[in-house]
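Participant: Data: query-v2.cif, mmCIF, C-alpha atoms.
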data_model
loop_
_atom_site.group_PDB
_atom_site.id
_atom_site.type_symbol
_atom_site.label_atom_id
_atom_site.label_comp_id
_atom_site.auth_asym_id
_atom_site.auth_seq_id
_atom_site.Cartn_x
_atom_site.Cartn_y
_atom_site.Cartn_z
ATOM 1 C CA MET A 1 16.643 -55.632 18.451
ATOM 2 C CA CYS A 2 14.313 -58.638 18.539
ATOM 3 C CA GLN A 3 14.070 -58.370 22.342
ATOM 4 C CA LYS A 4 13.000 -54.715 22.069
ATOM 5 C CA LYS A 5 10.288 -55.563 19.534
ATOM 6 C CA THR A 6 9.054 -58.469 21.633
ATOM 7 C CA THR A 7 9.009 -56.336 24.779
ATOM 8 C CA LYS A 8 7.077 -53.547 23.045
ATOM 9 C CA ARG A 9 4.560 -55.962 21.514
ATOM 10 C CA LEU A 10 3.884 -57.790 24.778
ATOM 11 C CA GLN A 11 3.667 -54.608 26.847
ATOM 12 C CA GLU A 12 1.151 -53.172 24.400
ATOM 13 C CA LYS A 13 -0.842 -56.412 24.387
ATOM 14 C CA TYR A 14 -0.741 -57.012 28.161
ATOM 15 C CA SER A 15 -0.974 -53.770 30.131
ATOM 16 C CA PHE A 16 -0.388 -55.591 33.433
ATOM 17 C CA LEU A 17 3.267 -56.010 32.402
ATOM 18 C CA VAL A 18 3.803 -52.284 32.966
ATOM 19 C CA ASN A 19 1.655 -51.699 36.054
ATOM 20 C CA GLY A 20 4.634 -50.959 38.328
ATOM 21 C CA LYS A 21 4.845 -54.462 39.770
ATOM 22 C CA LYS A 22 7.622 -56.998 39.206
ATOM 23 C CA ASN A 23 6.563 -59.757 36.815
ATOM 24 C CA ILE A 24 7.141 -63.308 37.970
ATOM 25 C CA LEU A 25 6.792 -66.076 35.429
ATOM 26 C CA TYR A 26 5.951 -69.494 36.830
ATOM 27 C CA ALA A 27 6.724 -72.176 34.255
ATOM 28 C CA PRO A 28 6.663 -75.670 35.739
ATOM 29 C CA THR A 29 7.704 -78.664 33.704
ATOM 30 C CA TRP A 30 5.186 -81.218 32.479
ATOM 31 C CA ARG A 31 4.063 -83.948 34.864
ATOM 32 C CA SER A 32 1.833 -86.923 34.227
ATOM 33 C CA ASP A 33 -0.075 -86.249 37.472
ATOM 34 C CA ASN A 34 -0.806 -82.615 38.275
ATOM 35 C CA ASP A 35 -2.800 -82.849 41.518
ATOM 36 C CA GLU A 36 0.201 -81.948 43.672
ATOM 37 C CA LEU A 37 1.210 -79.188 41.233
ATOM 38 C CA PHE A 38 -2.245 -77.606 41.337
ATOM 39 C CA ALA A 39 -2.405 -77.846 45.152
ATOM 40 C CA ASN A 40 0.942 -76.046 45.402
ATOM 41 C CA VAL A 41 -0.123 -73.397 42.865
ATOM 42 C CA ILE A 42 -3.257 -72.712 44.924
ATOM 43 C CA ASP A 43 -1.200 -72.518 48.129
ATOM 44 C CA TRP A 44 1.330 -70.230 46.496
ATOM 45 C CA SER A 45 -1.360 -67.957 45.033
ATOM 46 C CA ASN A 46 -3.022 -67.686 48.458
ATOM 47 C CA THR A 47 0.246 -66.614 50.134
ATOM 48 C CA PHE A 48 1.628 -64.555 47.236
ATOM 49 C CA ASP A 49 2.034 -60.760 47.496
ATOM 50 C CA HIS A 50 -0.225 -59.719 44.615
ATOM 51 C CA ASN A 51 0.242 -56.051 45.537
ATOM 52 C CA LYS A 52 3.966 -56.215 44.824
ATOM 53 C CA TYR A 53 4.171 -58.784 42.013
ATOM 54 C CA ASN A 54 2.243 -60.048 39.001
ATOM 55 C CA LEU A 55 2.085 -63.839 38.986
ATOM 56 C CA ILE A 56 2.061 -65.092 35.412
ATOM 57 C CA ILE A 57 1.693 -68.832 34.866
ATOM 58 C CA LYS A 58 2.738 -70.621 31.694
ATOM 59 C CA PHE A 59 1.681 -74.256 31.904
ATOM 60 C CA HIS A 60 2.670 -77.009 29.480
ATOM 61 C CA PRO A 61 -0.249 -77.360 26.978
ATOM 62 C CA LYS A 62 -1.344 -80.744 28.419
ATOM 63 C CA THR A 63 -1.163 -79.334 31.945
ATOM 64 C CA LEU A 64 -3.153 -76.264 30.862
ATOM 65 C CA LYS A 65 -6.004 -78.462 29.628
ATOM 66 C CA GLN A 66 -6.040 -80.358 32.937
ATOM 67 C CA PHE A 67 -5.939 -77.032 34.800
ATOM 68 C CA TYR A 68 -8.992 -75.711 32.937
ATOM 69 C CA ASP A 69 -10.785 -79.051 33.291
ATOM 70 C CA SER A 70 -10.166 -78.978 37.067
ATOM 71 C CA GLY A 71 -12.244 -75.811 37.463
ATOM 72 C CA ILE A 72 -9.604 -74.187 39.680
ATOM 73 C CA GLU A 73 -9.915 -70.420 39.828
ATOM 74 C CA LEU A 74 -6.984 -68.313 40.964
ATOM 75 C CA ALA A 75 -7.683 -64.701 41.866
ATOM 76 C CA ASP A 76 -5.149 -62.146 40.616
ATOM 77 C CA VAL A 77 -3.146 -64.758 38.695
ATOM 78 C CA ILE A 78 -2.554 -64.447 34.965
ATOM 79 C CA VAL A 79 -2.548 -67.749 33.080
ATOM 80 C CA LEU A 80 -1.179 -67.207 29.586
ATOM 81 C CA GLU A 81 -1.535 -69.821 26.902
ATOM 82 C CA LYS A 82 -0.841 -67.978 23.637
ATOM 83 C CA GLU A 83 2.639 -66.600 24.345
ATOM 84 C CA THR A 84 5.808 -68.659 24.239
ATOM 85 C CA SER A 85 7.842 -69.121 27.389
ATOM 86 C CA ALA A 86 10.873 -67.689 25.582
ATOM 87 C CA ASN A 87 9.008 -64.456 24.790
ATOM 88 C CA LEU A 88 7.714 -64.214 28.344
ATOM 89 C CA ALA A 89 11.291 -64.612 29.596
ATOM 90 C CA ILE A 90 12.141 -61.366 27.843
ATOM 91 C CA VAL A 91 9.484 -59.315 29.672
ATOM 92 C CA CYS A 92 9.400 -60.994 33.079
ATOM 93 C CA ASP A 93 11.716 -60.036 35.928
ATOM 94 C CA TYR A 94 11.930 -63.422 37.671
ATOM 95 C CA LEU A 95 11.355 -67.050 36.807
ATOM 96 C CA VAL A 96 10.012 -69.620 39.194
ATOM 97 C CA SER A 97 10.396 -73.115 37.844
ATOM 98 C CA ASP A 98 11.362 -76.572 38.886
ATOM 99 C CA TYR A 99 13.020 -78.784 36.302
ATOM 100 C CA SER A 100 12.196 -76.892 33.109
ATOM 101 C CA SER A 101 14.885 -76.074 30.560
ATOM 102 C CA LEU A 102 13.532 -72.511 30.540
ATOM 103 C CA ILE A 103 15.988 -71.829 33.359
ATOM 104 C CA TYR A 104 18.730 -71.630 30.724
ATOM 105 C CA GLU A 105 16.997 -68.777 28.859
ATOM 106 C CA PHE A 106 16.526 -66.808 32.073
ATOM 107 C CA ILE A 107 20.104 -67.381 33.184
ATOM 108 C CA SER A 108 21.343 -66.276 29.748
ATOM 109 C CA LEU A 109 19.354 -63.049 30.239
ATOM 110 C CA GLU A 110 20.953 -62.676 33.694
ATOM 111 C CA LYS A 111 17.574 -62.742 35.417
ATOM 112 C CA PRO A 112 16.861 -64.432 38.754
ATOM 113 C CA VAL A 113 15.555 -67.990 38.796
ATOM 114 C CA PHE A 114 13.913 -69.549 41.853
ATOM 115 C CA TYR A 115 13.528 -73.325 42.088
ATOM 116 C CA PHE A 116 10.117 -74.398 43.427
ATOM 117 C CA SER A 117 10.646 -78.155 43.577
ATOM 118 C CA PHE A 118 8.006 -79.308 46.054
ATOM 119 C CA ASP A 119 7.898 -82.781 44.483
ATOM 120 C CA LEU A 120 11.636 -83.343 44.074
ATOM 121 C CA ASP A 121 11.780 -86.811 45.639
ATOM 122 C CA GLY A 122 8.905 -88.153 43.558
ATOM 123 C CA TYR A 123 10.243 -86.517 40.408
ATOM 124 C CA VAL A 124 13.646 -88.162 40.905
ATOM 125 C CA ASP A 125 11.959 -91.557 41.397
ATOM 126 C CA GLU A 126 9.753 -91.145 38.321
ATOM 127 C CA ARG A 127 11.984 -89.342 35.799
ATOM 128 C CA ASP A 128 15.390 -88.403 37.305
ATOM 129 C CA PHE A 129 17.903 -85.942 35.809
ATOM 130 C CA TYR A 130 20.957 -85.920 33.582
ATOM 131 C CA PHE A 131 22.943 -84.216 36.361
ATOM 132 C CA ASP A 132 22.777 -84.111 40.156
ATOM 133 C CA TYR A 133 19.979 -81.560 40.487
ATOM 134 C CA VAL A 134 20.432 -80.876 44.201
ATOM 135 C CA LYS A 135 24.192 -80.309 43.928
ATOM 136 C CA GLU A 136 24.296 -78.547 40.553
ATOM 137 C CA ILE A 137 21.276 -76.271 40.354
ATOM 138 C CA PRO A 138 22.505 -72.667 40.833
ATOM 139 C CA GLY A 139 20.206 -71.685 43.656
ATOM 140 C CA ASP A 140 18.294 -72.866 46.662
ATOM 141 C CA ILE A 141 15.464 -75.344 46.247
ATOM 142 C CA TYR A 142 12.150 -74.326 47.811
ATOM 143 C CA LYS A 143 9.588 -76.929 48.774
ATOM 144 C CA THR A 144 6.950 -74.615 50.290
ATOM 145 C CA ALA A 145 5.226 -71.513 48.994
ATOM 146 C CA LEU A 146 6.148 -69.525 52.119
ATOM 147 C CA ASP A 147 9.863 -70.272 51.729
ATOM 148 C CA LEU A 148 9.654 -69.384 48.047
ATOM 149 C CA ASN A 149 7.905 -66.070 48.795
ATOM 150 C CA ARG A 150 10.545 -65.145 51.391
ATOM 151 C CA ALA A 151 13.342 -65.878 48.921
ATOM 152 C CA ILE A 152 11.711 -63.759 46.217
ATOM 153 C CA ASP A 153 11.184 -60.845 48.632
ATOM 154 C CA LYS A 154 14.805 -61.028 49.781
ATOM 155 C CA GLU A 155 16.014 -61.570 46.192
ATOM 156 C CA CYS A 156 17.991 -64.659 47.215
ATOM 157 C CA TYR A 157 19.772 -65.162 43.929
ATOM 158 C CA ASN A 158 23.428 -65.682 43.066
ATOM 159 C CA LEU A 159 24.165 -64.395 39.562
ATOM 160 C CA GLU A 160 27.783 -65.577 39.635
ATOM 161 C CA LYS A 161 26.764 -69.142 40.501
ATOM 162 C CA ALA A 162 24.110 -69.057 37.768
ATOM 163 C CA ASN A 163 26.658 -67.880 35.201
ATOM 164 C CA GLN A 164 29.041 -70.700 36.183
ATOM 165 C CA PHE A 165 26.209 -73.219 35.797
ATOM 166 C CA PHE A 166 25.343 -71.772 32.386
ATOM 167 C CA LYS A 167 28.948 -71.951 31.173
ATOM 168 C CA LYS A 168 29.206 -75.547 32.342
ATOM 169 C CA TYR A 169 26.036 -76.769 30.613
ATOM 170 C CA VAL A 170 25.621 -74.457 27.607
ATOM 171 C CA ASN A 171 28.271 -74.243 24.919
ATOM 172 C CA ILE A 172 27.617 -71.231 22.687
ATOM 173 C CA SER A 173 29.647 -70.678 19.552
ATOM 174 C CA ASP A 174 28.773 -67.670 17.406
ATOM 175 C CA LYS A 175 31.192 -68.610 14.660
ATOM 176 C CA GLY A 176 29.526 -70.019 11.574
ATOM 177 C CA CYS A 177 26.261 -71.178 13.193
ATOM 178 C CA ALA A 178 24.089 -69.876 10.333
ATOM 179 C CA ASN A 179 26.333 -71.532 7.750
ATOM 180 C CA GLN A 180 26.259 -74.806 9.680
ATOM 181 C CA ILE A 181 22.456 -74.767 9.741
ATOM 182 C CA ALA A 182 22.249 -73.865 6.030
ATOM 183 C CA ASN A 183 24.666 -76.665 5.144
ATOM 184 C CA PHE A 184 22.692 -79.112 7.263
ATOM 185 C CA ILE A 185 19.425 -78.150 5.522
ATOM 186 C CA GLU A 186 21.032 -78.338 2.086
ATOM 187 C CA GLY A 187 22.330 -81.796 3.021
ATOM 188 C CA LEU A 188 18.788 -82.901 3.884
ATOM 189 C CA GLU A 189 17.503 -81.686 0.526
ATOM 190 C CA THR A 190 20.121 -83.707 -1.376
ATOM 191 C CA VAL A 191 19.241 -86.886 0.550
ATOM 192 C CA ASN A 192 15.630 -86.737 -0.639
#
Can you turn what I pasted into structure tokens?

Facilitator:
Amino acid sequence: MCQKKTTKRLQEKYSFLVNGKKNILYAPTWRSDNDELFANVIDWSNTFDHNKYNLIIKFHPKTLKQFYDSGIELADVIVLEKETSANLAIVCDYLVSDYSSLIYEFISLEKPVFYFSFDLDGYVDERDFYFDYVKEIPGDIYKTALDLNRAIDKECYNLEKANQFFKKYVNISDKGCANQIANFIEGLETVN
């Protein structure tokens, strides 16, 4: 029910979501240095099929400020700052990301995720992962905009592999979650 309300609200607010094109959400993770990210976004936008897809970008708030400060202008690209990534996941057809945890929401919705990890080596050196990203991630890793565009056009996505990844890393238990949260909150109140 909540997904239907969110979809209706966003489609009424943003008419481009229902213009007959597939909606691709690009949500890269935060980086301390965004020069390489912005260069790749420009390259991707210049090679992107804007006639077939809407490119919607959701930057981390700190990245968004740097993006606006940079003066970069991207034709036919929608940069949204007011909507949450989780809400955008509901209305977008595909996700392009790198190392963001948003991949889990998309996989849970059984929507394709494409991994645009142009700076993988540097990211591993600077921050690293809690699992072997190259071996575990449920899809191919794209380091160039052209390879990414080809994969999107050919819908190179393995839903079964994504579901296996999700089951391995996300443990969902519907039983008693609300009660557990209520008990936890009540416990906090008694401590104070």

Participant: Go through segment 24-51 of chain A residue by residue and, counting only C-alpha atoms, keep those with an atom at most 9 Å from segment 58-71 of chain A; for each kept residue give the shortest atom pair and its distance in Å to one decimal, ordered by chain and increasing number, as CSV.

Facilitator:
residue,atom,partner,partner_atom,distance
A:Leu25,CA,A:Lys58,CA,7.1
A:Tyr26,CA,A:Lys58,CA,6.2
A:Ala27,CA,A:Lys58,CA,5.0
A:Pro28,CA,A:Phe59,CA,6.4
A:Thr29,CA,A:His60,CA,6.8
A:Trp30,CA,A:His60,CA,5.7
A:Arg31,CA,A:Thr63,CA,7.6
A:Ser32,CA,A:Thr63,CA,8.5
A:Asp33,CA,A:Thr63,CA,8.9
A:Asn34,CA,A:Thr63,CA,7.1
A:Phe38,CA,A:Phe67,CA,7.5

Participant: Residues picked by the PyMOL selection byres ((chain A and resi 154-165) around 10) here, as a PyMOL selection string?

Facilitator: chain A and resi 94+103-104+106-108+110-114+136-140+148-153+166-170

Participant: Kindly give the distance, in Å, that separates atom CA of Leu17 of chain A and atom CA of Ile141 of chain A, rounded to a single decimal.

Facilitator: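 Pair atom CA of Leu17 of chain A / atom CA of Ile141 of chain A returns 26.7 Å.
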
Participant: Grab the atom CA of Gly122 of chain A to atom CA of Lys135 of chain A distance for me, in Å with one decimal place.

Facilitator: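 Computing it gives 17.2 Å between the two atoms.
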
Participant: One number please: atom CA of Glu83 of chain A to atom CA of Gln3 of chain A, in Å, one decimal.

Facilitator: 14.2 Å

Participant: Given the PyMOL selection byres ((chain A and resi 51-54) around 12) and the file above, list the residues it selects as an MDAnalysis selection string.

Facilitator: chainID A and resid 14:26 45 47:50 55:57 75:79 91:95 149 152:153

Participant: Just the residues within 8 Å of Thr144 of chain A, please, counting all atoms listed in the file, with nothing from its chain fewer than 5 positions along; format it as a PyMOL selection string.

Facilitator: chain A and resi 40+116+118

Participant: Those residues you just picked out, can you put them in a file as a tab-separated table (two decimals), keeping the file's coordinate frame with C-alpha atoms?

Facilitator:
chain	number	residue	atom	x	y	z
A	40	ASN	CA	0.94	-76.05	45.40
A	116	PHE	CA	10.12	-74.40	43.43
A	118	PHE	CA	8.01	-79.31	46.05

Participant: So which one's closest to Val96 of chain A, A:Leu80, A:Phe131, A:Leu74, A:Val41? Using all atoms listed in the file, please.

Facilitator: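 Counting all atoms listed in the file, the residue closest to Val96 of chain A is A:Val41.
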
Participant: Of the candidates A:Glu81, A:Ala145, A:Tyr133, A:Asp128, which one gets nearest to Asp43 of chain A if we count only C-alpha atoms?

Facilitator: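 The shortest atom-to-atom distance to Asp43 of chain A comes from A:Ala145.
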